[in-house]
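Visitor: Dropping in coords-v9.cif, which is mmCIF, C-alpha atoms:
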```
data_model
#
loop_
_atom_site.label_atom_id
_atom_site.label_comp_id
_atom_site.auth_asym_id
_atom_site.auth_seq_id
_atom_site.Cartn_x
_atom_site.Cartn_y
_atom_site.Cartn_z
CA SER T 13 0.00 0.00 0.00
CA GLY T 14 2.86 2.45 0.79
CA ALA T 15 2.78 5.80 2.50
CA ALA T 16 0.00 8.14 1.51
CA LEU T 17 0.67 11.50 -0.04
CA PHE T 18 0.06 14.54 2.16
CA LEU T 19 0.09 18.01 0.60
CA GLY T 20 -1.29 21.44 1.34
CA PRO T 21 -4.30 22.65 -0.67
CA ASP T 22 -2.28 24.82 -3.08
CA GLU T 23 0.15 22.02 -3.88
CA ALA T 24 -2.67 19.46 -4.16
CA LEU T 25 -4.67 21.64 -6.58
CA ALA T 26 -1.54 22.36 -8.63
CA LEU T 27 -1.34 18.62 -9.31
CA ALA T 28 -5.02 17.67 -9.28
CA ILE T 29 -6.24 20.20 -11.86
CA PRO T 30 -3.84 19.18 -14.67
CA LEU T 31 -4.42 15.53 -13.73
CA CYS T 32 -8.17 16.06 -14.19
CA ASP T 33 -7.42 17.79 -17.51
CA GLY T 34 -5.54 14.71 -18.71
CA VAL T 35 -8.35 12.37 -17.69
CA ALA T 36 -10.85 14.77 -19.29
CA ALA T 37 -9.03 14.25 -22.61
CA LEU T 38 -9.71 10.52 -22.28
CA HIS T 39 -13.35 11.14 -21.42
CA ALA T 40 -13.73 13.37 -24.47
CA LEU T 41 -12.68 10.35 -26.56
CA GLY T 42 -15.21 8.11 -24.85
CA VAL T 43 -12.57 6.28 -22.78
CA VAL T 44 -12.72 5.57 -19.04
CA HIS T 45 -9.36 4.81 -17.40
CA ARG T 46 -10.87 2.58 -14.68
CA ASP T 47 -7.64 2.25 -12.66
CA LEU T 48 -6.57 5.75 -11.65
CA LYS T 49 -4.29 5.73 -8.59
CA PRO T 50 -0.97 7.37 -7.60
CA PRO T 51 1.20 4.56 -9.07
CA ASN T 52 -0.47 5.22 -12.45
CA VAL T 53 0.34 8.94 -12.34
CA MET T 54 3.89 9.98 -13.22
CA LEU T 55 5.16 13.46 -12.33
CA VAL T 56 7.33 15.02 -15.01
CA ARG T 57 9.43 18.15 -14.49
CA SER T 58 8.58 20.78 -17.13
CA PRO T 59 11.20 23.23 -18.54
CA ASP T 60 10.00 25.94 -16.12
CA GLY T 61 10.49 23.61 -13.16
CA ALA T 62 6.81 22.79 -12.52
CA LEU T 63 5.68 19.23 -11.84
CA VAL T 64 3.23 18.00 -14.50
CA PRO T 65 1.19 14.81 -13.90
CA LYS T 66 1.02 12.26 -16.72
CA VAL T 67 -1.58 9.46 -16.77
CA LEU T 68 -0.11 5.97 -17.28
CA ASP T 69 -1.32 2.40 -17.84
CA LEU T 70 -4.46 2.19 -19.94
CA GLY T 71 -4.53 -1.58 -19.62
CA ALA T 72 -7.87 -1.50 -17.78
CA ALA T 73 -9.36 1.29 -19.90
CA LEU T 74 -12.95 0.95 -21.01
CA ASP T 75 -14.09 2.15 -24.45
CA LEU T 76 -17.63 3.39 -23.92
CA SER T 77 -18.35 3.24 -27.64
CA GLY T 78 -17.86 -0.54 -27.88
CA SER T 79 -18.27 -3.73 -25.87
CA ASP T 80 -15.89 -4.81 -23.13
CA GLU T 81 -15.56 -8.52 -22.38
CA ALA T 82 -14.62 -8.06 -18.72
CA THR T 83 -17.45 -5.64 -18.01
CA ARG T 84 -19.96 -7.75 -19.94
CA ASP T 85 -19.03 -10.79 -17.85
CA GLY T 86 -19.36 -8.84 -14.60
CA LEU T 87 -15.67 -9.09 -13.69
CA VAL T 88 -14.23 -6.50 -11.31
CA VAL T 89 -11.37 -4.56 -12.93
CA GLY T 90 -9.34 -1.96 -11.02
CA THR T 91 -7.88 -1.31 -7.56
CA PRO T 92 -10.37 -1.63 -4.66
CA ALA T 93 -9.22 1.46 -2.70
CA TYR T 94 -9.90 3.65 -5.76
CA MET T 95 -13.12 1.99 -6.95
CA PRO T 96 -16.62 3.38 -6.53
CA PHE T 97 -19.46 1.10 -5.51
CA GLU T 98 -20.73 0.41 -9.02
CA GLN T 99 -17.29 -0.71 -10.21
CA ALA T 100 -16.64 -2.87 -7.13
CA ALA T 101 -20.07 -4.49 -7.55
CA GLY T 102 -19.26 -5.49 -11.14
CA ARG T 103 -21.98 -3.39 -12.75
CA ARG T 104 -21.94 -3.20 -16.53
CA ASP T 105 -23.15 0.37 -17.01
CA LEU T 106 -19.94 2.13 -15.98
CA ASP T 107 -19.20 5.65 -17.17
CA ALA T 108 -16.81 8.58 -16.59
CA ARG T 109 -17.96 8.98 -12.99
CA VAL T 110 -15.86 5.89 -12.13
CA ASP T 111 -12.76 8.01 -12.82
CA VAL T 112 -14.26 11.00 -10.97
CA TYR T 113 -14.48 8.83 -7.85
CA ALA T 114 -10.85 7.72 -8.25
CA LEU T 115 -9.74 11.34 -8.68
CA GLY T 116 -11.68 12.14 -5.51
CA VAL T 117 -9.76 9.42 -3.65
CA ILE T 118 -6.45 10.83 -4.90
CA LEU T 119 -7.43 14.33 -3.75
CA TYR T 120 -8.65 13.01 -0.39
CA GLU T 121 -5.37 11.16 0.03
CA MET T 122 -3.26 14.22 -0.79
CA LEU T 123 -5.20 16.49 1.58
CA ALA T 124 -5.91 14.12 4.49
CA GLY T 125 -2.89 11.82 4.37
CA ARG T 126 -5.06 8.68 4.13
CA ARG T 127 -7.58 7.00 1.81
CA PRO T 128 -11.31 6.77 2.52
CA TYR T 129 -11.08 2.97 2.70
CA ASP T 130 -8.05 0.97 3.82
CA GLY T 131 -7.58 -2.57 5.06
CA ASP T 132 -5.19 -5.44 5.56
CA ASP T 133 -5.75 -6.71 2.03
CA SER T 134 -7.64 -5.95 -1.19
CA GLN T 135 -10.58 -8.18 -0.29
CA SER T 136 -11.25 -6.39 3.00
CA VAL T 137 -11.14 -3.01 1.23
CA LEU T 138 -13.42 -4.31 -1.53
CA ALA T 139 -15.92 -5.49 1.09
CA LYS T 140 -16.05 -1.99 2.65
CA VAL T 141 -16.65 -0.39 -0.74
CA ILE T 142 -19.44 -2.83 -1.66
CA GLN T 143 -21.11 -2.37 1.74
CA ARG T 144 -20.83 1.41 1.25
CA LEU T 145 -19.59 1.84 4.80
CA PRO T 146 -19.28 5.44 5.98
CA PHE T 147 -15.85 7.07 6.03
CA PRO T 148 -14.76 10.38 7.60
CA ALA T 149 -15.71 13.49 5.66
CA LEU T 150 -12.63 15.32 4.44
CA GLY T 151 -13.44 18.40 6.51
CA THR T 152 -13.32 16.39 9.75
CA LEU T 153 -9.78 15.17 9.00
CA ALA T 154 -8.53 18.52 7.69
CA PRO T 155 -10.68 21.22 9.36
CA GLU T 156 -8.36 23.98 8.12
CA LEU T 157 -9.34 23.30 4.50
CA ASP T 158 -11.65 25.60 2.56
CA ARG T 159 -15.17 24.28 3.07
CA GLY T 160 -15.93 24.44 -0.64
CA LEU T 161 -12.93 22.28 -1.51
CA ALA T 162 -13.75 19.72 1.19
CA ALA T 163 -17.38 19.56 0.02
CA LEU T 164 -16.33 19.09 -3.63
CA VAL T 165 -14.03 16.18 -2.75
CA ASP T 166 -16.83 14.62 -0.70
CA ARG T 167 -19.15 14.98 -3.71
CA ALA T 168 -16.64 13.21 -5.95
CA LEU T 169 -16.60 10.35 -3.42
CA ALA T 170 -20.38 9.99 -3.16
CA HIS T 171 -21.66 6.41 -3.25
CA ASP T 172 -24.51 7.64 -5.44
CA ARG T 173 -22.84 8.52 -8.74
CA GLN T 174 -25.65 10.95 -9.56
CA VAL T 175 -24.17 13.24 -6.89
CA ARG T 176 -20.65 13.24 -8.37
CA PRO T 177 -19.49 15.70 -11.04
CA ALA T 178 -20.42 14.30 -14.47
CA ASP T 179 -16.85 13.76 -15.68
CA ALA T 180 -13.25 14.86 -15.21
CA ARG T 181 -13.85 18.11 -17.12
CA ALA T 182 -16.64 19.11 -14.70
CA LEU T 183 -14.39 18.27 -11.75
CA ALA T 184 -11.45 20.24 -13.20
CA ASP T 185 -13.66 23.29 -13.82
CA ALA T 186 -15.05 23.15 -10.29
CA LEU T 187 -11.53 22.93 -8.82
CA ARG T 188 -10.41 25.91 -10.91
CA ASP T 189 -13.39 27.96 -9.74
CA LEU T 190 -12.55 27.17 -6.12
CA ARG T 191 -8.90 28.09 -6.55
CA ARG T 192 -9.85 31.35 -8.30
CA ALA T 193 -12.32 32.26 -5.55
CA THR T 194 -9.79 31.47 -2.82
CA HIS T 195 -7.10 33.60 -4.44
CA ALA T 196 -9.56 36.48 -4.92
CA ALA T 197 -10.57 36.31 -1.25
CA ASN T 198 -6.92 36.44 -0.18
CA ALA T 199 -6.01 39.31 -2.53
CA ALA T 200 -4.70 42.64 -1.20
CA PRO T 201 -7.33 45.18 -0.06
CA LEU T 202 -8.62 47.73 -2.51
CA GLU T 203 -7.39 51.34 -2.41
CA SER T 204 -10.61 52.45 -0.74
CA ASP T 205 -10.12 49.75 1.92
CA SER T 206 -6.52 50.92 2.48
CA ALA T 207 -7.69 54.49 2.95
CA GLN T 208 -10.24 53.33 5.51
CA ILE T 209 -7.59 51.32 7.37
CA ILE T 210 -5.29 54.36 7.48
CA ALA T 211 -8.10 56.60 8.67
CA GLU T 212 -8.82 54.17 11.52
CA GLN T 213 -5.20 54.49 12.66
CA VAL T 214 -5.60 58.19 13.52
CA VAL T 215 -4.76 58.88 17.15
CA PRO T 216 -7.52 61.07 18.59
CA ALA T 217 -6.74 64.18 20.62
CA PRO T 218 -7.37 64.11 24.37
CA ARG T 219 -11.06 64.49 25.23
CA ALA T 220 -10.47 67.51 27.46
CA SER T 221 -13.02 69.72 25.80
CA ARG T 222 -15.56 69.91 23.03
CA ALA T 223 -13.09 72.05 21.07
CA GLY T 224 -10.50 69.29 21.32
CA ARG T 225 -13.03 66.69 20.13
CA ILE T 226 -13.93 68.84 17.13
CA GLY T 227 -10.22 69.24 16.32
CA ALA T 228 -9.68 65.45 16.43
CA GLY T 229 -12.65 64.89 14.14
CA ALA T 230 -11.32 67.40 11.65
CA LEU T 231 -7.91 65.70 11.73
CA ALA T 232 -9.45 62.27 11.06
CA VAL T 233 -11.35 63.58 8.02
CA LEU T 234 -8.17 65.23 6.72
CA ALA T 235 -6.19 62.02 7.24
CA ALA T 236 -8.67 59.97 5.19
CA ALA T 237 -8.72 62.56 2.41
CA LEU T 238 -4.92 62.71 2.16
CA ALA T 239 -4.70 58.91 2.21
CA VAL T 240 -7.10 58.58 -0.73
CA ALA T 241 -5.23 61.28 -2.64
CA ALA T 242 -1.90 59.52 -2.05
CA ALA T 243 -3.35 56.21 -3.22
CA VAL T 244 -4.64 57.79 -6.45
CA ARG T 245 -1.20 59.36 -7.14
CA GLY T 246 0.57 56.08 -6.39
CA GLU T 247 2.48 57.62 -3.46
CA PRO T 248 3.29 55.78 -0.20
CA PRO T 249 0.44 55.85 2.32
CA VAL T 250 0.58 58.39 5.12
CA THR T 251 -0.28 57.72 8.73
CA PHE T 252 -1.08 60.39 11.28
CA GLY T 253 -0.01 60.86 14.88
CA PRO T 254 -1.64 63.49 17.06
CA THR T 255 -0.44 66.41 14.92
CA THR T 256 2.25 65.41 12.40
CA PRO T 257 1.98 63.35 9.16
CA ARG T 258 4.85 60.95 8.37
CA ALA T 259 5.54 58.26 5.77
CA LEU T 260 5.27 54.62 6.85
CA ALA T 261 8.80 53.95 5.51
CA SER T 262 11.78 54.38 7.84
CA PRO T 263 12.48 58.13 8.32
CA ALA T 264 15.74 59.72 7.18
CA PRO T 265 18.24 60.91 9.85
CA PRO T 266 16.79 63.92 11.70
CA ARG T 267 19.49 66.37 10.62
CA GLU T 268 18.94 65.57 6.92
CA ALA T 269 15.14 65.51 6.93
CA PRO T 270 13.26 68.73 6.10
CA PRO T 271 11.04 70.16 8.83
CA ALA T 272 7.76 68.27 8.98
CA PRO T 273 4.65 70.37 8.37
CA VAL T 274 2.27 70.72 11.27
CA ILE T 275 -1.45 70.35 10.89
CA ALA T 276 -3.42 72.22 13.50
CA ALA T 277 -7.13 72.35 14.08
CA MET T 278 -8.25 75.76 15.26
CA PRO T 279 -10.13 75.55 18.54
CA VAL T 280 -13.78 76.49 18.50
CA GLU T 281 -14.72 78.74 21.38
CA GLN T 282 -18.09 78.30 22.99
CA PRO T 283 -20.20 81.41 23.64
CA GLN T 284 -20.33 82.35 27.28
CA ARG T 285 -23.70 81.93 28.93
#
```
I'd like the structure from this file rewritten - as structure tokens, please.
Guide:
Amino acid sequence: SGAALFLGPDEALALAIPLCDGVAALHALGVVHRDLKPPNVMLVRSPDGALVPKVLDLGAALDLSGSDEATRDGLVVGTPAYMPFEQAAGRRDLDARVDVYALGVILYEMLAGRRPYDGDDSQSVLAKVIQRLPFPALGTLAPELDRGLAALVDRALAHDRQVRPADARALADALRDLRRATHAANAAPLESDSAQIIAEQVVPAPRASRAGRIGAGALAVLAAALAVAAAVRGEPPVTFGPTTPRALASPAPPREAPPAPVIAAMPVEQPQR
């Protein structure tokens, strides 16, 4: 059986998406691999240094456009740990969702460090698959994973093939959408967000009087306005202390730096009653 793969989500998707693309090319030709598993995937180093998965061993492949002697006779072809129920049960109406299940097992294995079903031998694993015994949902083994990714892998591993993505192309597209959404969510804040963050860093003046509170409010508004203007001009953001603006970068030595301008809010005197 060997040690299971165990990768982070970015590394796993970097391998799983092109692997699904390769299997999708088979599906487009009406061919089901029927024995997808890590030993049948070779990683090749591309000229730019990236690892590219290559699908090997089509000895168990099923041509959906013609007859297959093994399938017609109800023989079980494949590797039990990577078989869905319908394949393990020897059903004759297999389709591309057999490979989708196997791809789901490979993803589960990369992300959780174990397979959904394991056992002392192939027969014990096959019995678990045929009985459709429950196995831990991916999110319970790797709670730090994105919920959408965990749910998609669980869908690919559904005992009911109607729940699985239709083929490897559908699975690849869904994985790409998840990766795109995750990267967008982790992107840097927009300029307007940066201006708001800077404005929230303003240190208010002491609350000694109403005049002081008005001065602090005026300074906060000015800080936000200058921050937005700097962002539009592409200049470094400016943060404000009680009275003096300064760049976020390390300041030059005091004797070489020009005098810093001072921003003052004029006090507002209250009429005497």
Visitor: What do you get, as a PyMOL selection string, if you spell out every residue that the PyMOL selection byres ((chain T and resi 95-98) around 7) selects here?
Guide: chain T and resi 90-94+99-103+110+113-114+141-142+144+171
Visitor: Run the PyMOL selection byres ((chain T and resi 45-47) around 9) against the file shown and list the residues it catches, as a ChimeraX atom specification.
Guide: /T:35,38-39,43-44,48-49,52,69-75,89-91,94-95,99,108,110-111,114
Visitor: Translate the PyMOL selection byres ((chain T and resi 130) around 12) into a concrete residue list for this structure, as a PyMOL selection string.
Guide: chain T and resi 13-16+91-95+117+121+126-129+131-141+145+147
Visitor: Could you write those residues out with C-alpha atoms, as an mmCIF file, in the coordinates of the input?
Guide:
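So the final result, stored in out_18.cif, reads:
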```
data_model
loop_
_atom_site.group_PDB
_atom_site.id
_atom_site.type_symbol
_atom_site.label_atom_id
_atom_site.label_comp_id
_atom_site.auth_asym_id
_atom_site.auth_seq_id
_atom_site.Cartn_x
_atom_site.Cartn_y
_atom_site.Cartn_z
ATOM 1 C CA SER T 13 0.000 0.000 0.000
ATOM 2 C CA GLY T 14 2.860 2.450 0.790
ATOM 3 C CA ALA T 15 2.780 5.800 2.500
ATOM 4 C CA ALA T 16 0.000 8.140 1.510
ATOM 5 C CA THR T 91 -7.880 -1.310 -7.560
ATOM 6 C CA PRO T 92 -10.370 -1.630 -4.660
ATOM 7 C CA ALA T 93 -9.220 1.460 -2.700
ATOM 8 C CA TYR T 94 -9.900 3.650 -5.760
ATOM 9 C CA MET T 95 -13.120 1.990 -6.950
ATOM 10 C CA VAL T 117 -9.760 9.420 -3.650
ATOM 11 C CA GLU T 121 -5.370 11.160 0.030
ATOM 12 C CA ARG T 126 -5.060 8.680 4.130
ATOM 13 C CA ARG T 127 -7.580 7.000 1.810
ATOM 14 C CA PRO T 128 -11.310 6.770 2.520
ATOM 15 C CA TYR T 129 -11.080 2.970 2.700
ATOM 16 C CA GLY T 131 -7.580 -2.570 5.060
ATOM 17 C CA ASP T 132 -5.190 -5.440 5.560
ATOM 18 C CA ASP T 133 -5.750 -6.710 2.030
ATOM 19 C CA SER T 134 -7.640 -5.950 -1.190
ATOM 20 C CA GLN T 135 -10.580 -8.180 -0.290
ATOM 21 C CA SER T 136 -11.250 -6.390 3.000
ATOM 22 C CA VAL T 137 -11.140 -3.010 1.230
ATOM 23 C CA LEU T 138 -13.420 -4.310 -1.530
ATOM 24 C CA ALA T 139 -15.920 -5.490 1.090
ATOM 25 C CA LYS T 140 -16.050 -1.990 2.650
ATOM 26 C CA VAL T 141 -16.650 -0.390 -0.740
ATOM 27 C CA LEU T 145 -19.590 1.840 4.800
ATOM 28 C CA PHE T 147 -15.850 7.070 6.030
#
```
Visitor: So, counting all atoms listed in the file, which residue among T:Leu119, T:Val56, T:Leu87, T:Leu68 is closest to Arg104 (chain T)?
Guide: T:Leu87
Visitor: Counting only C-alpha atoms, which of T:Leu31, T:Leu115, T:Leu25, T:Leu106 gets nearest to Leu161 (chain T)?
Guide: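 Among the listed residues, the smallest separation from Leu161 (chain T) belongs to T:Leu25.
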Visitor: So how many Å separate CA of Phe18 (chain T) and CA of Gln174 (chain T), to one decimal?
Guide: 28.5 Å
Visitor: Kindly give the distance, in Å, that separates CA of Ala37 (chain T) and CA of Ala168 (chain T), rounded to a single decimal.
Guide: 18.3 Å
Visitor: Fewer than 3 positions away in the same chain doesn't count, so skip those; otherwise give me all residues within 8 Å of Arg173 (chain T), counting all atoms listed in the file, as a list in words.
Guide: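 The residues that qualify are Arg109, Ala170 and Arg176 of chain T.
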Visitor: Taking all atoms listed in the file into account, which of T:Ala36, T:Ala24, T:Ile29, T:Val112 comes nearest Arg181 (chain T)?
Guide: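 Checking each candidate against Arg181 (chain T), we get T:Ala36 as the closest.
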Visitor: Closest to Asp179 (chain T) among T:Gly125, T:Gly151, T:Gly116, T:Pro50, using all atoms listed in the file?
Guide: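 Among T:Gly125, T:Gly151, T:Gly116, T:Pro50, it is T:Gly116 that comes nearest to Asp179 (chain T).
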Visitor: Find the distance between CA of Pro177 (chain T) and CA of Pro21 (chain T) and write it in Å to one decimal.
Guide: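 Pair CA of Pro177 (chain T) / CA of Pro21 (chain T) returns 19.7 Å.
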Visitor: Restricting the calculation to all atoms listed in the file, which member of T:Gly42, T:Val64, T:Arg159, T:Val165 is positioned closest to Gly78 (chain T)?
Guide: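 When distances to Gly78 (chain T) are compared using all atoms listed in the file, the smallest one comes from T:Gly42.
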Visitor: Scan for residues within 6 Å of the point (0.9, 11.8, -16.1) in the coordinates of the file, using only C-alpha atoms, and reply as a VMD selection string.
Guide: chain T and resid 53 to 55 65 to 67
